[in-house]
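Student: Sharing work.cif (mmCIF, C-alpha atoms and all ligand atoms) below.
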```
data_query
loop_
_atom_site.label_atom_id
_atom_site.label_comp_id
_atom_site.auth_asym_id
_atom_site.auth_seq_id
_atom_site.Cartn_x
_atom_site.Cartn_y
_atom_site.Cartn_z
CA MET I 13 190.30 173.18 48.16
CA GLU I 14 187.83 175.21 46.08
CA SER I 15 187.48 172.39 43.63
CA LEU I 16 186.77 169.94 46.44
CA LYS I 17 183.97 172.19 47.65
CA TYR I 18 182.51 172.37 44.15
CA ALA I 19 182.79 168.62 43.80
CA LEU I 20 180.74 168.13 46.97
CA VAL I 21 178.15 170.66 45.87
CA LEU I 22 177.78 168.80 42.59
CA VAL I 23 177.95 165.26 43.93
CA LEU I 24 175.21 165.47 46.55
CA PRO I 25 172.41 166.60 44.23
CA ALA I 26 173.66 164.15 41.63
CA ALA I 27 173.34 161.37 44.17
CA TYR I 28 169.71 162.33 44.70
CA LEU I 29 169.05 162.66 41.01
CA ALA I 30 170.43 159.18 40.52
CA HIS I 31 168.11 157.66 43.10
CA TRP I 32 166.03 155.82 40.55
CA TYR I 33 169.19 154.25 39.27
CA LEU I 34 170.69 153.44 42.65
CA SER I 35 167.47 151.95 43.88
CA THR I 36 167.19 149.55 40.98
CA ALA I 37 170.81 148.51 40.65
CA PRO I 38 171.32 145.12 42.23
CA ALA I 39 172.55 146.65 45.46
CA PRO I 40 174.92 144.41 47.39
CA SER I 41 173.38 145.64 50.62
CA ALA I 42 169.65 146.10 50.21
CA PRO I 43 168.33 149.11 52.13
CA SER I 44 166.20 147.14 54.55
CA GLU I 45 166.35 149.44 57.53
CA PRO I 46 164.69 152.88 57.62
CA ALA I 47 166.83 155.94 57.00
CA PRO I 48 168.41 157.19 60.20
CA ALA I 49 166.17 159.74 61.89
CA ALA I 50 167.37 163.31 62.32
CA ASP I 51 170.03 162.98 59.67
CA ASP I 52 168.67 164.57 56.53
CA LYS I 53 172.15 164.71 55.01
CA GLU I 54 172.07 160.97 54.35
CA PRO I 55 171.85 160.83 50.53
CA ALA I 56 170.12 158.44 48.11
CA LYS I 57 170.08 154.66 48.65
CA SER I 58 168.23 154.57 51.97
CA VAL I 59 165.47 156.94 50.79
CA MET I 60 163.90 154.34 48.54
CA SER I 61 161.58 151.74 49.99
CA ALA I 62 162.91 148.23 50.39
CA PRO I 63 161.72 145.32 48.23
CA ARG I 64 158.93 143.23 49.75
CA ASP I 65 158.74 139.50 50.23
CA ASP I 66 155.00 139.40 50.99
CA LEU I 67 153.59 140.25 47.56
CA ALA I 68 150.36 138.58 46.44
CA PRO I 69 150.23 136.46 43.28
CA PRO I 70 149.76 138.80 40.28
CA LYS I 71 146.20 139.43 39.11
CA ASP I 72 145.25 139.78 35.47
CA ASP I 73 142.24 142.09 35.62
CA PRO I 74 141.67 144.19 32.47
CA PHE I 75 141.58 147.99 32.81
CA THR I 76 140.89 150.57 30.17
CA GLN I 77 142.78 153.82 30.66
CA ALA I 78 139.45 155.45 31.58
CA GLU I 79 138.83 152.80 34.26
CA LEU I 80 142.37 153.19 35.58
CA ALA I 81 141.82 156.93 36.00
CA ALA I 82 139.38 156.20 38.83
CA PHE I 83 142.34 154.94 40.86
CA ASP I 84 144.28 158.21 40.95
CA GLY I 85 143.85 158.73 44.68
CA SER I 86 141.18 161.40 44.43
CA ASP I 87 138.63 159.01 45.98
CA PRO I 88 140.08 157.98 49.33
CA SER I 89 137.85 154.90 49.44
CA LYS I 90 139.61 153.49 46.36
CA PRO I 91 143.15 152.12 46.03
CA ILE I 92 145.81 154.03 44.06
CA TYR I 93 147.13 152.35 40.93
CA VAL I 94 150.15 153.15 38.75
CA SER I 95 150.70 151.41 35.43
CA ILE I 96 154.08 150.82 33.84
CA LYS I 97 154.29 149.33 30.36
CA GLY I 98 150.67 148.29 30.76
CA THR I 99 151.08 146.45 34.06
CA VAL I 100 148.90 147.89 36.83
CA PHE I 101 150.48 148.11 40.31
CA ASP I 102 148.73 148.87 43.59
CA VAL I 103 150.72 151.68 45.23
CA THR I 104 148.12 152.52 47.88
CA HIS I 105 150.53 151.99 50.77
CA LYS I 106 152.72 154.76 49.32
CA ALA I 107 149.90 157.30 49.20
CA GLU I 108 152.35 159.76 50.78
CA VAL I 109 154.12 159.98 47.42
CA TYR I 110 151.40 159.00 44.89
CA GLY I 111 148.36 160.60 46.56
CA PRO I 112 146.78 163.84 45.32
CA GLY I 113 149.18 166.77 45.48
CA LYS I 114 152.13 164.56 46.43
CA SER I 115 155.48 164.40 44.61
CA TYR I 116 154.61 161.58 42.22
CA SER I 117 150.83 161.97 41.90
CA ILE I 118 151.24 162.61 38.16
CA PHE I 119 151.80 158.86 37.74
CA ALA I 120 148.66 157.84 39.67
CA GLY I 121 145.63 156.48 37.84
CA LYS I 122 147.45 156.20 34.55
CA ASP I 123 150.30 154.68 32.61
CA GLY I 124 153.07 157.28 32.63
CA SER I 125 155.78 155.06 31.18
CA ARG I 126 157.27 157.78 29.00
CA GLY I 127 157.82 160.09 31.97
CA LEU I 128 159.40 157.35 34.05
CA GLY I 129 161.78 156.48 31.23
CA LEU I 130 162.67 160.13 30.73
CA SER I 131 163.04 160.75 34.49
CA SER I 132 160.55 163.54 33.95
CA LEU I 133 157.97 164.90 36.31
CA ASN I 134 156.27 166.98 33.60
CA VAL I 135 152.66 165.98 33.42
CA GLU I 136 152.71 166.03 29.62
CA ASP I 137 155.39 163.32 29.68
CA ALA I 138 153.31 161.06 31.93
CA VAL I 139 151.76 159.18 29.01
CA PRO I 140 151.87 155.52 28.04
CA ASP I 141 153.46 155.83 24.61
CA TYR I 142 157.19 155.49 25.14
CA SER I 143 157.93 154.96 21.43
CA PRO I 144 160.14 158.09 21.25
CA LEU I 145 162.47 156.77 23.98
CA ASP I 146 165.91 155.64 22.92
CA ALA I 147 167.50 152.47 24.28
CA LYS I 148 169.04 154.26 27.25
CA HIS I 149 165.74 155.70 28.41
CA ARG I 150 163.99 152.38 27.77
CA ASN I 151 166.50 150.85 30.18
CA VAL I 152 165.57 153.47 32.80
CA LEU I 153 161.93 152.55 32.26
CA ASP I 154 162.74 148.84 32.61
CA ASP I 155 164.58 149.61 35.84
CA TRP I 156 161.46 151.28 37.21
CA TYR I 157 159.40 148.30 36.09
CA ALA I 158 161.74 145.97 37.97
CA PHE I 159 161.61 148.29 40.99
CA PHE I 160 157.81 148.18 41.07
CA LEU I 161 157.72 144.40 40.51
CA LYS I 162 159.61 143.93 43.78
CA ARG I 163 157.45 146.34 45.78
CA TYR I 164 153.86 146.48 44.58
CA ASN I 165 151.10 143.95 43.94
CA ILE I 166 150.08 143.53 40.30
CA MET I 167 146.36 144.15 39.81
CA GLY I 168 146.09 143.62 36.06
CA ARG I 169 146.81 145.04 32.63
CA VAL I 170 145.75 148.11 30.67
CA THR I 171 143.95 146.90 27.58
CA ASP I 172 143.75 150.00 25.39
CA LEU I 173 147.31 151.30 25.25
CA PRO I 174 148.83 152.63 22.04
CA GLU I 175 151.10 150.34 20.10
CA ILE I 176 154.74 150.91 21.02
CA GLN I 177 157.20 151.40 18.18
CA PRO I 178 160.72 149.97 18.41
CA ALA I 179 163.42 152.27 19.76
CA PRO I 180 164.70 154.69 17.15
CA ALA I 181 168.14 153.71 15.88
CA ASP I 182 170.77 155.59 17.84
CA GLU I 183 172.83 157.38 15.24
CA SER I 184 173.85 160.26 17.47
CA GLU I 185 176.81 158.66 19.24
C1 LIG K 1 166.13 166.31 42.80
C2 LIG K 1 165.30 165.42 42.30
C3 LIG K 1 164.69 164.30 43.11
C4 LIG K 1 164.75 164.01 44.44
C5 LIG K 1 165.49 164.76 45.53
C6 LIG K 1 163.96 162.82 44.65
C7 LIG K 1 163.77 162.20 45.88
C8 LIG K 1 163.04 161.07 46.08
C9 LIG K 1 162.81 160.43 47.36
C10 LIG K 1 163.35 160.96 48.71
C11 LIG K 1 162.05 159.34 47.16
C12 LIG K 1 161.57 158.35 48.21
C13 LIG K 1 160.20 158.77 48.66
C14 LIG K 1 159.62 157.83 49.67
O1 LIG K 1 159.80 156.60 49.53
O2 LIG K 1 158.96 158.29 50.60
C15 LIG K 1 161.77 159.27 45.75
C16 LIG K 1 160.98 158.32 45.14
C17 LIG K 1 160.63 158.32 43.81
N1 LIG K 1 161.12 159.12 42.81
FE1 LIG K 1 162.28 160.76 43.13
N2 LIG K 1 163.43 162.43 43.46
C18 LIG K 1 163.84 163.30 42.49
C19 LIG K 1 163.54 163.27 41.14
C20 LIG K 1 162.72 162.34 40.53
C21 LIG K 1 162.35 162.36 39.13
C22 LIG K 1 162.82 163.38 38.09
C23 LIG K 1 161.52 161.30 38.93
C24 LIG K 1 160.87 160.97 37.58
C25 LIG K 1 160.69 159.76 37.16
C26 LIG K 1 161.37 160.60 40.20
C27 LIG K 1 160.59 159.49 40.43
C28 LIG K 1 160.43 158.86 41.64
C29 LIG K 1 159.47 157.81 41.90
C30 LIG K 1 158.50 157.19 40.89
C31 LIG K 1 159.60 157.48 43.26
C32 LIG K 1 158.75 156.51 44.03
C33 LIG K 1 159.35 155.17 44.20
C34 LIG K 1 158.44 154.32 45.06
O3 LIG K 1 157.37 153.90 44.57
O4 LIG K 1 158.81 154.03 46.20
N3 LIG K 1 162.10 161.27 41.13
N4 LIG K 1 162.38 160.32 45.12
#
```
As structure tokens, what does this structure read like?

Tutor:
Amino acid sequence: MESLKYALVLVLPAAYLAHWYLSTAPAPSAPSEPAPAADDKEPAKSVMSAPRDDLAPPKDDPFTQAELAAFDGSDPSKPIYVSIKGTVFDVTHKAEVYGPGKSYSIFAGKDGSRGLGLSSLNVEDAVPDYSPLDAKHRNVLDDWYAFFLKRYNIMGRVTDLPEIQPAPADESE
């Protein structure tokens, strides 16, 4: 009995922590309906926004990192952009998570690929150079990239990103 209780205590937070994974796995049943109201015990899956089928054709506008910084949500008259692996996405319609002071504002107006790959919300990890990431974390980053591709319009590319080094050989396992 005790162990069952502990299992539940461990599994629920783990389900939340795995949301980036769950949301990008090719889910057999896409979460297309909103999470049920008044049931905040409903874990993962339904918390992530559904893919969109009304995305505009991708744009190819060039942005320097300095130019991108203007789209961090601090000016409400401007859209909010997030870059992943140099591709700039318009996340304005999710200002409730990317806007100033919101949960994921550290990714706004910049390329924070390293932090996404590391599943880190530390601001010092929200940098474009993901060279230190091993293959596993690069996969997490690619999952986020795929997630954004299905949900946000592409506005262009960051032109002055550091060169990414290949993943370090994994000799640890
Ligand atoms: C206990 C830890 C966490 C919980 C409970 C949690 C919960 C959530 C929830 C509820 C959403 C959906 C928000 C919405 O659509 O309104 C979300 C989205 C998101 N999470 Fe987390 N999260 C956690 C940790 C993390 C970490 C460590 C990262 C670091 C990469 C992260 C990155 C994101 C991102 C980028 C989105 C936005 C996806 C989108 O654009 O729709 N989360 N998270």

Student: List the spatial neighbours of Ser132 of chain I as a compact mmCIF listing (two decimals) with C-alpha atoms, keeping the file's coordinate frame - criterion: any atom at most 12 Å away, only C-alpha atoms, same-chain residues fewer than 4 positions off excluded.

Tutor:
```
# COMPACT_ATOMS: atom_id res chain seq x y z
CA LEU I 29 169.05 162.66 41.01
CA TRP I 32 166.03 155.82 40.55
CA SER I 115 155.48 164.40 44.61
CA TYR I 116 154.61 161.58 42.22
CA ILE I 118 151.24 162.61 38.16
CA PHE I 119 151.80 158.86 37.74
CA GLY I 124 153.07 157.28 32.63
CA SER I 125 155.78 155.06 31.18
CA ARG I 126 157.27 157.78 29.00
CA GLY I 127 157.82 160.09 31.97
CA LEU I 128 159.40 157.35 34.05
CA GLU I 136 152.71 166.03 29.62
CA ASP I 137 155.39 163.32 29.68
CA ALA I 138 153.31 161.06 31.93
CA VAL I 139 151.76 159.18 29.01
CA HIS I 149 165.74 155.70 28.41
CA VAL I 152 165.57 153.47 32.80
CA LEU I 153 161.93 152.55 32.26
```

Student: Hey, can you check how far atom C19 of ligand LIG 1 (chain K) sits from atom CA of Ala107 of chain I?

Tutor: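 Distance between the two atoms: 16.9 Å.
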
Student: Taking into account all atoms listed in the file, which residue in the set I:Asp141, I:Asp155, I:Glu175, I:Asp123 is nearest to Phe75 of chain I?

Tutor: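 Smallest distance to Phe75 of chain I is found for I:Asp123.
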